[in-house]
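Accompanying notes for the structure given below.
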Amino acid sequence: ETRPQITGNPTDASDIPLHAHERQLQRGITQHNIDDAFNNPLNISEIKYDSMGRPSVKYIGNKATIVVNPETGKIITVYPTNHTILNRYKEK
């Protein structure tokens with residue numbers, strides 16, 4: 001599977017914007033979970049654009065899903081991987 005081109009390093013904790021870092025802490029996501037999702041993804045989504053034209057890519061990991069801006073490499077948000085999604089990709 002070819003990864004979308006990422007220009008930054010989403011696993012660099014110093015590069016996580018405050019909003020995403022707050023969500024990470026609130027949702028109990030560890031730096032290890034983020035590293036694992038990026039380095040060992042179960043799935044990487046295609047680049048998607050929101051209504052304002054901002055791009056994002058999802059890295060789905062065993063414990064966490066990270067959403068990254070592929071142009072900057074910055075994490076937009078992180079959240080626990082949904083069990084249904086996890087089961088779908090683990091079956092493949």
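Residue numbers start at 1 in each chain; chains themselves are named A, B, ... in the order of the structure tokens; ligands are numbered from 1 in the order shown.
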>> What parts of region 10-64 of chain A does DSSP call strand (DSSP E)? I'd like the answer as number ranges by chain.
In response: A: 43-44, 48-49, 55-60, 64
>> I'd like the contact shell of Ala37 (chain A) - 10 Å cut-off, only C-alpha atoms, skipping same-chain residues fewer than 5 positions apart - returned as a PyMOL selection string.
In response: chain A and resi 11+31-32+42-44+58-66+81
>> Taking only C-alpha atoms into account, name the residue in A:Thr84, A:Tyr89, A:Lys48, A:Val78 that is nearest to Asp35 (chain A).
In response: A:Val78
>> Taking 5 positions as the minimum chain separation for residues in the same chain, which residues sit within 9 Å of Pro55 (chain A) when counting only C-alpha atoms? Answer as a list in words.
In response: Ile47, Lys48, Tyr49, Asp50, Val68, Asn69, Pro70 and Glu71 of chain A
>> Can you measure CA of Met52 (chain A) to CA of His19 (chain A) for me? One decimal in Å is fine.
In response: 18.7 Å
> Mind pulling up the distance from CA of Asn40 (chain A) to CA of Lys90 (chain A)?
Replying inline: 12.3 Å
> Could you write out, as a list in words, all the residues of chain A that DSSP marks as alpha helix (DSSP H)?
Replying inline: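 After running DSSP on the backbone, chain A has alpha helix (DSSP H) at Leu18, His19, Ala20, His21, Glu22, Arg23, Gln24, Leu25, Gln26, Gln31, His32, Asn33, Ile34, Asp35, Asp36, Ala37, Phe38, Asn39, His83, Thr84, Ile85, Leu86, Asn87, Arg88, Tyr89 and Lys90 of chain A.
In this model, the gap between CA of Thr77 (chain A) and CA of Ile34 (chain A) comes to 10.6 Å.
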